[in-house]
Amino acid sequence: MREKKIVYLPMAADIVHPGHINIIKAASQYGEVIVGLFTDEAIASYKRVPYMPYEQRKIVIENIKGVSQVIPQYTRDYEDNLRMLKPDYMVHGTDWREGPLADVRAKAIATMAEWGGEVVEPEYTRGVSSTMIQKAIKERKD
């Protein structure tokens with residue numbers, strides 16, 4: 001049995017904001033946090049090319065208090081990393097309960113259940129997102 005519980009936390013983290021800090025804090029309450037950082041290709045597959053490349057985002061995230069390790073998350077489907085790590089917990093904000101990630105959520109819950117892992121869903125931080133920050137920057141520029 002592992003000494004410390006393993007927590008998997010997927011994120012894109014292109015523009016780091018308080019929501020990222022909040023979810024890392026929440027995840028760290030459950031054990032050792034391993035961030036599955038979306039690769040540039042993974043982000044570009046569902047929104048835009050990230051402002052910061054993977055290696056720069058990795059440096060930022062691995063230096064945030066509460067993060068033990070950062071590994072690449074190659075797709076929006078978490079199954080490969082979940083099966084590799086077999087974490088005790090996976091943490092994701094409530095924003096994936098509806099919309100395009102609802103199927104990904106259902107699959108992650110089913111995968112985690114195979115070894116008795118649990119999906120934890122802290123409340124999504126309202127009022128801040130990378131998309132909102134990007135929009136505000138564009139509006140100031142115009």
# chains A, B, ... in the order shown; residues from 1 in each chain; ligands from 1
>>> residues_around(residues="stretch 115-129 of chain A", least_positions_apart="2", cutoff="10 Å", atoms="only C-alpha atoms", output="PyMOL selection string")
chain A and resi 6-9+13+15-23+26-27+30+82-83+86-97+105+108-113+131-135
>>> select_by_dssp(residues="stretch 9-75 of chain A", states="strand (DSSP E)", output="MDAnalysis selection string")
chainID A and resid 9:11 32:38 67:73
>>> closest_residue(among="A:Glu3, A:Asp103, A:Asp77, A:Glu62", to="A:Ser45", atoms="only C-alpha atoms")
A:Asp77
>>> atom_distance(atom1="atom CA of A:Ile61", atom2="atom CA of A:Asp40")
14.7 Å
>>> atom_distance(atom1="atom CA of A:Ile34", atom2="atom CA of A:Pro53")
19.2 Å
>>> select_by_dssp(residues="stretch 95-126 of chain A", states="helix (DSSP H, G or I)", output="list of chain:residue names")
A:Asp95, A:Trp96, A:Gly99, A:Pro100, A:Leu101, A:Ala102, A:Asp103, A:Val104, A:Arg105, A:Ala106, A:Lys107, A:Ala108, A:Ile109, A:Ala110, A:Thr111, A:Met112, A:Ala113
>>> write_last_selection(atoms="N, CA and C atoms", output="mmCIF file, in the first residue's frame")
data_model
loop_
_atom_site.group_PDB
_atom_site.id
_atom_site.type_symbol
_atom_site.label_atom_id
_atom_site.label_comp_id
_atom_site.auth_asym_id
_atom_site.auth_seq_id
_atom_site.Cartn_x
_atom_site.Cartn_y
_atom_site.Cartn_z
ATOM 1 N N ASP A 95 -17.156 22.217 -13.512
ATOM 2 C CA ASP A 95 -17.475 22.723 -14.852
ATOM 3 C C ASP A 95 -17.609 21.627 -15.905
ATOM 4 N N TRP A 96 -17.197 20.413 -15.611
ATOM 5 C CA TRP A 96 -17.261 19.341 -16.620
ATOM 6 C C TRP A 96 -18.509 18.481 -16.505
ATOM 7 N N GLY A 99 -22.030 19.743 -20.849
ATOM 8 C CA GLY A 99 -21.308 20.244 -22.012
ATOM 9 C C GLY A 99 -20.369 19.205 -22.603
ATOM 10 N N PRO A 100 -19.339 19.687 -23.329
ATOM 11 C CA PRO A 100 -18.487 18.785 -24.103
ATOM 12 C C PRO A 100 -17.675 17.796 -23.267
ATOM 13 N N LEU A 101 -17.481 18.055 -21.991
ATOM 14 C CA LEU A 101 -16.689 17.140 -21.158
ATOM 15 C C LEU A 101 -17.530 16.148 -20.365
ATOM 16 N N ALA A 102 -18.833 16.176 -20.517
ATOM 17 C CA ALA A 102 -19.699 15.270 -19.755
ATOM 18 C C ALA A 102 -19.377 13.801 -20.049
ATOM 19 N N ASP A 103 -19.102 13.477 -21.301
ATOM 20 C CA ASP A 103 -18.748 12.091 -21.656
ATOM 21 C C ASP A 103 -17.380 11.711 -21.090
ATOM 22 N N VAL A 104 -16.445 12.654 -21.128
ATOM 23 C CA VAL A 104 -15.109 12.429 -20.573
ATOM 24 C C VAL A 104 -15.229 12.170 -19.064
ATOM 25 N N ARG A 105 -16.103 12.929 -18.414
ATOM 26 C CA ARG A 105 -16.339 12.765 -16.978
ATOM 27 C C ARG A 105 -16.859 11.365 -16.671
ATOM 28 N N ALA A 106 -17.872 10.941 -17.421
ATOM 29 C CA ALA A 106 -18.459 9.614 -17.183
ATOM 30 C C ALA A 106 -17.415 8.512 -17.345
ATOM 31 N N LYS A 107 -16.581 8.632 -18.360
ATOM 32 C CA LYS A 107 -15.536 7.634 -18.606
ATOM 33 C C LYS A 107 -14.496 7.652 -17.483
ATOM 34 N N ALA A 108 -14.119 8.848 -17.022
ATOM 35 C CA ALA A 108 -13.137 8.957 -15.937
ATOM 36 C C ALA A 108 -13.677 8.334 -14.649
ATOM 37 N N ILE A 109 -14.937 8.574 -14.343
ATOM 38 C CA ILE A 109 -15.560 8.002 -13.141
ATOM 39 C C ILE A 109 -15.556 6.479 -13.227
ATOM 40 N N ALA A 110 -15.922 5.954 -14.399
ATOM 41 C CA ALA A 110 -15.955 4.495 -14.585
ATOM 42 C C ALA A 110 -14.552 3.902 -14.487
ATOM 43 N N THR A 111 -13.572 4.566 -15.075
ATOM 44 C CA THR A 111 -12.192 4.078 -15.033
ATOM 45 C C THR A 111 -11.669 4.068 -13.603
ATOM 46 N N MET A 112 -11.860 5.151 -12.887
ATOM 47 C CA MET A 112 -11.395 5.248 -11.490
ATOM 48 C C MET A 112 -12.044 4.174 -10.613
ATOM 49 N N ALA A 113 -13.301 3.867 -10.881
ATOM 50 C CA ALA A 113 -14.035 2.881 -10.082
ATOM 51 C C ALA A 113 -13.423 1.488 -10.200
#
>>> closest_residue(among="A:Lys58, A:Thr75, A:Arg140, A:Gln69", to="A:Ala44", atoms="only C-alpha atoms")
A:Thr75
>>> atom_distance(atom1="atom CA of A:Asp14", atom2="atom CA of A:Ser28")
20.6 Å
>>> residues_around(residues="A:Val49", least_positions_apart="6", cutoff="12 Å", atoms="only C-alpha atoms", output="number ranges by chain")
A: 12, 14, 38-43
